[in-house]
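So this block is target.txt, compact mmCIF, C-alpha atoms:
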# COMPACT_ATOMS: atom_id res chain seq x y z
CA MET A 1 0.00 0.00 0.00
CA LYS A 2 2.74 2.45 0.96
CA GLU A 3 4.65 1.80 -2.26
CA GLN A 4 1.51 2.31 -4.34
CA TRP A 5 0.81 5.56 -2.50
CA MET A 6 4.38 6.74 -3.06
CA LYS A 7 4.20 5.85 -6.76
CA TRP A 8 0.90 7.73 -7.11
CA THR A 9 2.36 10.77 -5.33
CA VAL A 10 5.43 10.90 -7.57
CA LEU A 11 3.26 10.60 -10.69
CA GLU A 12 0.92 13.30 -9.38
CA ALA A 13 3.87 15.62 -8.68
CA ALA A 14 5.33 14.98 -12.14
CA THR A 15 2.04 15.70 -13.93
CA LYS A 16 1.43 18.84 -11.87
CA THR A 17 4.94 20.09 -12.64
CA ILE A 18 4.51 19.45 -16.35
CA SER A 19 1.07 21.09 -16.28
CA LYS A 20 2.35 24.19 -14.50
CA VAL A 21 5.25 24.61 -16.95
CA LEU A 22 2.85 24.20 -19.89
CA GLN A 23 0.44 26.70 -18.31
CA LYS A 24 3.31 29.17 -18.01
CA VAL A 25 4.39 28.65 -21.63
CA ILE A 26 0.84 28.84 -23.01
CA GLY A 27 0.01 31.82 -20.76
CA ASP A 28 3.10 33.65 -21.99
CA VAL A 29 2.42 32.85 -25.65
CA GLY A 30 -1.37 33.04 -25.80
CA HIS A 31 -2.29 36.48 -24.58
CA THR A 32 -6.06 36.02 -24.85
CA ILE A 33 -8.75 34.48 -22.70
CA GLY A 34 -9.83 32.50 -25.78
CA SER A 35 -6.49 30.69 -25.91
CA THR A 36 -6.86 29.69 -22.26
CA PHE A 37 -10.30 28.18 -22.94
CA TYR A 38 -8.94 26.39 -25.99
CA ALA A 39 -6.08 24.88 -23.98
CA THR A 40 -8.49 23.97 -21.16
CA ALA A 41 -10.80 22.22 -23.64
CA LEU A 42 -7.84 20.21 -24.95
CA ILE A 43 -6.95 19.16 -21.40
CA GLY A 44 -10.56 18.09 -20.80
CA LEU A 45 -10.59 16.12 -24.05
CA VAL A 46 -7.38 14.29 -23.13
CA GLN A 47 -8.74 13.48 -19.66
CA THR A 48 -12.01 12.20 -21.09
CA VAL A 49 -10.37 10.01 -23.72
CA VAL A 50 -7.66 8.62 -21.41
CA GLY A 51 -10.20 8.07 -18.62
CA PHE A 52 -12.55 6.24 -20.98
CA PHE A 53 -9.92 3.91 -22.43
CA LYS A 54 -8.24 3.20 -19.08
CA ALA A 55 -11.62 2.41 -17.49
CA LYS A 56 -12.56 0.14 -20.40
CA HIS A 57 -9.15 -1.54 -20.26
CA SER A 58 -9.59 -2.30 -16.56
CA LYS A 59 -13.24 -3.31 -17.19
CA THR A 60 -14.50 -0.61 -14.83
CA PRO A 61 -17.98 0.62 -15.77
CA ILE A 62 -18.21 4.28 -16.74
CA LEU A 63 -21.79 4.46 -15.50
CA THR A 64 -21.59 4.39 -11.72
CA ASN A 65 -24.02 5.74 -9.14
CA SER A 66 -25.48 9.22 -9.60
CA LYS A 67 -23.61 10.65 -6.57
CA ASN A 68 -20.25 9.70 -8.08
CA ILE A 69 -21.15 10.89 -11.57
CA GLY A 70 -22.58 14.17 -10.26
CA GLY A 71 -19.56 14.68 -8.01
CA ALA A 72 -17.15 13.96 -10.87
CA ILE A 73 -18.98 16.41 -13.15
CA LEU A 74 -18.95 19.04 -10.39
CA PHE A 75 -15.24 18.32 -9.93
CA GLY A 76 -14.79 18.88 -13.69
CA ILE A 77 -16.59 22.23 -13.54
CA PHE A 78 -14.31 23.49 -10.77
CA ALA A 79 -11.30 21.96 -12.58
CA VAL A 80 -12.19 24.05 -15.65
CA GLY A 81 -12.29 27.11 -13.40
CA SER A 82 -8.95 26.35 -11.80
CA THR A 83 -7.32 25.54 -15.14
CA VAL A 84 -8.56 28.73 -16.81
CA LEU A 85 -7.46 30.78 -13.79
CA SER A 86 -4.06 29.06 -13.83
CA PHE A 87 -3.53 30.01 -17.46
CA LEU A 88 -4.72 33.58 -16.87
CA VAL A 89 -2.21 34.01 -14.04
CA PHE A 90 0.53 33.87 -16.66
CA VAL A 91 -1.38 35.87 -19.27
CA TYR A 92 -1.36 38.68 -16.68
CA GLY A 93 2.36 38.35 -15.88
CA GLY A 94 2.31 36.02 -12.88
CA GLU A 95 5.41 34.63 -11.21
CA ILE A 96 5.48 30.84 -11.30
CA GLY A 97 7.11 30.35 -7.88
CA VAL A 98 4.69 32.62 -6.01
CA ASN A 99 1.75 31.14 -7.92
CA VAL A 100 2.70 27.59 -6.99
CA PHE A 101 3.20 28.61 -3.37
CA ILE A 102 -0.21 30.33 -3.17
CA ILE A 103 -1.89 27.28 -4.70
CA THR A 104 -0.03 24.99 -2.29
CA LEU A 105 -1.51 27.00 0.57
CA GLY A 106 -4.83 25.46 -0.47
CA ILE A 107 -3.98 22.72 2.01
CA VAL A 108 -5.00 25.13 4.79
CA PRO A 109 -8.64 25.63 3.71
CA GLY A 110 -8.60 22.00 2.51
CA ALA A 111 -7.73 20.94 6.05
CA MET A 112 -10.60 23.07 7.33
CA ILE A 113 -12.99 21.32 4.93
CA ASP A 114 -11.68 17.96 6.18
CA HIS A 115 -12.17 19.09 9.78
CA PHE A 116 -15.60 20.70 9.55
CA CYS A 117 -17.25 18.67 6.76
CA PHE A 118 -15.73 15.21 7.23
CA GLY A 119 -14.97 15.21 10.95
CA HIS A 120 -11.20 14.73 10.73
CA ARG A 121 -9.56 15.89 13.95
CA PHE A 122 -6.27 17.77 14.07
CA SER A 123 -3.34 17.19 16.36
CA LYS A 124 -1.44 20.11 17.90
CA ARG A 125 1.25 19.64 15.27
CA GLN A 126 -1.30 19.94 12.47
CA TRP A 127 -2.74 23.15 13.97
CA LEU A 128 0.82 24.47 14.18
CA GLY A 129 1.32 23.55 10.51
CA ILE A 130 -1.83 25.45 9.53
CA GLY A 131 -0.62 28.52 11.42
CA LEU A 132 2.81 28.24 9.83
CA GLY A 133 1.23 27.93 6.37
CA VAL A 134 -0.86 31.06 6.87
CA ALA A 135 2.17 32.98 8.17
CA ALA A 136 4.26 31.80 5.20
CA GLY A 137 1.57 32.90 2.74
CA TYR A 138 1.45 36.32 4.38
CA ALA A 139 5.24 36.56 4.20
CA ILE A 140 5.45 35.48 0.54
CA LEU A 141 3.10 38.36 -0.32
CA ASP A 142 5.56 40.69 1.48
CA CYS A 143 3.38 41.15 4.59
CA PRO A 144 0.78 43.49 3.05
CA SER A 145 -1.51 45.65 5.17
CA LEU A 146 -5.26 45.24 4.75
CA GLN A 147 -5.23 48.35 2.56
CA GLU A 148 -2.43 46.93 0.39
CA LEU A 149 -4.32 43.65 -0.08
CA ALA A 150 -6.86 45.46 -2.25
CA HIS A 151 -4.06 46.57 -4.58
CA LEU A 152 -2.32 43.24 -5.16
CA PRO A 153 -1.71 42.45 -8.84
CA LEU A 154 -4.52 40.71 -10.70
CA TRP A 155 -2.44 37.57 -11.14
CA VAL A 156 -2.19 37.16 -7.34
CA TRP A 157 -6.00 37.28 -7.08
CA LEU A 158 -6.23 34.78 -9.93
CA SER A 159 -3.83 32.53 -8.00
CA ILE A 160 -6.03 32.85 -4.92
CA GLY A 161 -9.06 31.98 -7.09
CA THR A 162 -7.20 28.92 -8.34
CA THR A 163 -6.51 27.96 -4.74
CA ALA A 164 -10.22 28.27 -3.92
CA THR A 165 -11.34 26.08 -6.82
CA VAL A 166 -8.65 23.48 -6.10
CA THR A 167 -9.70 23.44 -2.43
CA ILE A 168 -13.34 22.90 -3.37
CA ASN A 169 -12.20 20.01 -5.55
CA GLN A 170 -10.36 18.50 -2.58
CA GLY A 171 -13.68 18.45 -0.73
CA ILE A 172 -15.49 16.94 -3.72
CA THR A 173 -12.79 14.28 -4.04
CA GLN A 174 -13.23 13.41 -0.38
CA ALA A 175 -17.01 13.13 -0.84
CA ILE A 176 -16.71 10.76 -3.83
CA GLN A 177 -13.52 8.99 -2.80
CA LYS A 178 -14.79 5.53 -3.77
CA ILE A 179 -15.05 6.40 -7.49
CA ASP A 180 -12.44 4.90 -9.79
CA PRO A 181 -9.93 7.65 -10.71
CA TYR A 182 -10.26 6.97 -14.44
CA VAL A 183 -14.05 7.12 -14.28
CA LYS A 184 -13.71 10.39 -12.37
CA ASN A 185 -11.35 11.70 -15.07
CA PHE A 186 -13.80 10.65 -17.77
CA TRP A 187 -16.79 12.47 -16.25
CA GLY A 188 -14.72 15.40 -14.98
CA GLY A 189 -12.95 15.85 -18.31
CA LEU A 190 -16.24 15.65 -20.17

Once more with this new file: its structure as structure tokens, please.
Amino acid sequence: MKEQWMKWTVLEAATKTISKVLQKVIGDVGHTIGSTFYATALIGLVQTVVGFFKAKHSKTPILTNSKNIGGAILFGIFAVGSTVLSFLVFVYGGEIGVNVFIITLGIVPGAMIDHFCFGHRFSKRQWLGIGLGVAAGYAILDCPSLQELAHLPLWVWLSIGTTATVTINQGITQAIQKIDPYVKNFWGGL
């Protein structure tokens, strides 16, 4: 189990790294919102096709219960939002390192969703980690005052929007955790 989890984590990290680099390249090259929707549609198409063929290959039915299908479609809607926002961050001159850090801070509201919606309890160390994450996010934005927060660059707000949509998807994933990942990719990509 641990080896499978580690393998999945490494693959997830590799695909997220490749995705972020491609988002940066496409965001720098395609300076329109239309190009971001086009690239997002291509990503959805790839996810749908790969999800379909991998599910068929493993003989996993695409039609599952309505909760899983609805959750996967809802996941896909928020994934479209986060993908479009991720591209727009770079259309509007975003910095890749700060963007990735802001999105990574999604673990803080994600932990809150786990705590309040799914009843997961935190240890003192986890509460300390949440506090440290919030402090680090504040520091990476150069410790702005409340007045300065209103004047952050648009790409920072787009990064925060990406964080919000990714966090919502963490909650959706938790709610439909028994769905096969390829079936989820099929319906979400669709």

So what do you get for atom CA of A:Leu190 versus atom CA of A:Ala41, distance-wise?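 Taking atom CA of A:Leu190 and atom CA of A:Ala41, their separation equals 9.2 Å.
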
Mind pulling up the distance from atom CA of A:Gln177 to atom CA of A:His57?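 Going from atom CA of A:His57 over to atom CA of A:Gln177, I get 20.9 Å.
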
Residue with the minimum atom-to-atom distance to A:Ile160, picked from A:Leu146, A:Val100, A:Ala136, A:Leu63 with all atoms listed in the file counted, is A:Val100

Show me a table, sorted first by chain and then by increasing residue number, of the residues of stretch 26-112 of chain A having an atom at most 10 Å from stretch 128-131 of chain A, each with its shortest atom pair and the distance in Å to one decimal, counting all atoms listed in the file and written as a tab-separated table.
residue	atom	partner	partner_atom	distance
A:Leu105	CA	A:Ile130	CA	9.1
A:Ile107	CA	A:Ile130	CA	8.3
A:Val108	CA	A:Ile130	CA	5.7
A:Pro109	CA	A:Ile130	CA	9.0
A:Ala111	CA	A:Ile130	CA	8.2
A:Met112	CA	A:Ile130	CA	9.3

Just-selected residues, C-alpha atoms written as a PDB file, in the frame of the given file:
ATOM      1  CA  LEU A 105      -1.510  27.000   0.570  1.00  0.00           C
ATOM      2  CA  ILE A 107      -3.980  22.720   2.010  1.00  0.00           C
ATOM      3  CA  VAL A 108      -5.000  25.130   4.790  1.00  0.00           C
ATOM      4  CA  PRO A 109      -8.640  25.630   3.710  1.00  0.00           C
ATOM      5  CA  ALA A 111      -7.730  20.940   6.050  1.00  0.00           C
ATOM      6  CA  MET A 112     -10.600  23.070   7.330  1.00  0.00           C
TER       7      MET A 112
END

List every residue of stretch 31-82 of chain A that has an atom at most 9 Å from any atom of stretch 180-188 of chain A, and for each one report the closest atom pair and its distance in Å to one decimal, counting all atoms listed in the file, with rows sorted by chain and then by increasing residue number, as JSON lines.
{"residue": "A:Gly44", "atom": "CA", "partner": "A:Gly188", "partner_atom": "CA", "distance": 7.6}
{"residue": "A:Leu45", "atom": "CA", "partner": "A:Phe186", "partner_atom": "CA", "distance": 8.9}
{"residue": "A:Gln47", "atom": "CA", "partner": "A:Asn185", "partner_atom": "CA", "distance": 5.6}
{"residue": "A:Thr48", "atom": "CA", "partner": "A:Phe186", "partner_atom": "CA", "distance": 4.1}
{"residue": "A:Val49", "atom": "CA", "partner": "A:Phe186", "partner_atom": "CA", "distance": 6.9}
{"residue": "A:Val50", "atom": "CA", "partner": "A:Phe186", "partner_atom": "CA", "distance": 7.4}
{"residue": "A:Gly51", "atom": "CA", "partner": "A:Tyr182", "partner_atom": "CA", "distance": 4.3}
{"residue": "A:Phe52", "atom": "CA", "partner": "A:Phe186", "partner_atom": "CA", "distance": 5.6}
{"residue": "A:Phe53", "atom": "CA", "partner": "A:Tyr182", "partner_atom": "CA", "distance": 8.6}
{"residue": "A:Lys54", "atom": "CA", "partner": "A:Tyr182", "partner_atom": "CA", "distance": 6.3}
{"residue": "A:Ala55", "atom": "CA", "partner": "A:Tyr182", "partner_atom": "CA", "distance": 5.7}
{"residue": "A:Thr60", "atom": "CA", "partner": "A:Asp180", "partner_atom": "CA", "distance": 7.7}
{"residue": "A:Pro61", "atom": "CA", "partner": "A:Val183", "partner_atom": "CA", "distance": 7.7}
{"residue": "A:Ile62", "atom": "CA", "partner": "A:Val183", "partner_atom": "CA", "distance": 5.6}
{"residue": "A:Leu63", "atom": "CA", "partner": "A:Val183", "partner_atom": "CA", "distance": 8.3}
{"residue": "A:Thr64", "atom": "CA", "partner": "A:Val183", "partner_atom": "CA", "distance": 8.4}
{"residue": "A:Asn68", "atom": "CA", "partner": "A:Lys184", "partner_atom": "CA", "distance": 7.9}
{"residue": "A:Ile69", "atom": "CA", "partner": "A:Trp187", "partner_atom": "CA", "distance": 6.6}
{"residue": "A:Gly70", "atom": "CA", "partner": "A:Trp187", "partner_atom": "CA", "distance": 8.5}
{"residue": "A:Gly71", "atom": "CA", "partner": "A:Lys184", "partner_atom": "CA", "distance": 8.5}
{"residue": "A:Ala72", "atom": "CA", "partner": "A:Gly188", "partner_atom": "CA", "distance": 5.0}
{"residue": "A:Ile73", "atom": "CA", "partner": "A:Gly188", "partner_atom": "CA", "distance": 4.7}
{"residue": "A:Leu74", "atom": "CA", "partner": "A:Gly188", "partner_atom": "CA", "distance": 7.2}
{"residue": "A:Phe75", "atom": "CA", "partner": "A:Gly188", "partner_atom": "CA", "distance": 5.9}
{"residue": "A:Gly76", "atom": "CA", "partner": "A:Gly188", "partner_atom": "CA", "distance": 3.7}
{"residue": "A:Ile77", "atom": "CA", "partner": "A:Gly188", "partner_atom": "CA", "distance": 7.2}
{"residue": "A:Ala79", "atom": "CA", "partner": "A:Gly188", "partner_atom": "CA", "distance": 7.8}

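Taking atom CA of A:His120 and atom CA of A:Gln4 as the two end points, the separation is 23.3 Å.
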
Given only C-alpha atoms as the basis, pick out the residue of A:Trp127, A:Leu22, A:Gly133, A:Ser82 nearest to A:Ala164.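 The answer is A:Ser82, which sits nearest to A:Ala164.
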
Please provide as a ChimeraX atom specification all residues within 12 Å of A:Gly34, with the sequence filter that same-chain residues fewer than 6 positions apart are discarded (counting only C-alpha atoms). /A:26-27,40-41,84,87-88,91

So that I can check the surroundings of A:Val21, please list as a PDB file with C-alpha atoms, keeping the file's coordinate frame every protein, DNA and RNA residue that reaches within 12 Å of it, counting all atoms listed in the file and ignoring chain neighbours fewer than 4 positions away.
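Heads up, here's the output in selection-v4.pdb:
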ATOM      1  CA  ALA A  14       5.330  14.980 -12.140  1.00  0.00           C
ATOM      2  CA  THR A  15       2.040  15.700 -13.930  1.00  0.00           C
ATOM      3  CA  LYS A  16       1.430  18.840 -11.870  1.00  0.00           C
ATOM      4  CA  THR A  17       4.940  20.090 -12.640  1.00  0.00           C
ATOM      5  CA  VAL A  25       4.390  28.650 -21.630  1.00  0.00           C
ATOM      6  CA  ILE A  26       0.840  28.840 -23.010  1.00  0.00           C
ATOM      7  CA  GLY A  27       0.010  31.820 -20.760  1.00  0.00           C
ATOM      8  CA  ASP A  28       3.100  33.650 -21.990  1.00  0.00           C
ATOM      9  CA  SER A  86      -4.060  29.060 -13.830  1.00  0.00           C
ATOM     10  CA  PHE A  87      -3.530  30.010 -17.460  1.00  0.00           C
ATOM     11  CA  PHE A  90       0.530  33.870 -16.660  1.00  0.00           C
ATOM     12  CA  GLU A  95       5.410  34.630 -11.210  1.00  0.00           C
ATOM     13  CA  ILE A  96       5.480  30.840 -11.300  1.00  0.00           C
ATOM     14  CA  GLY A  97       7.110  30.350  -7.880  1.00  0.00           C
ATOM     15  CA  ASN A  99       1.750  31.140  -7.920  1.00  0.00           C
ATOM     16  CA  VAL A 100       2.700  27.590  -6.990  1.00  0.00           C
TER      17      VAL A 100
END

Could you check the closest approach to A:Phe118 for each of A:Ala150, A:Val46, A:Ile172, A:Leu158 and tell me which residue wins, using only C-alpha atoms?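 Ranking A:Ala150, A:Val46, A:Ile172, A:Leu158 by distance to A:Phe118, first place goes to A:Ile172.
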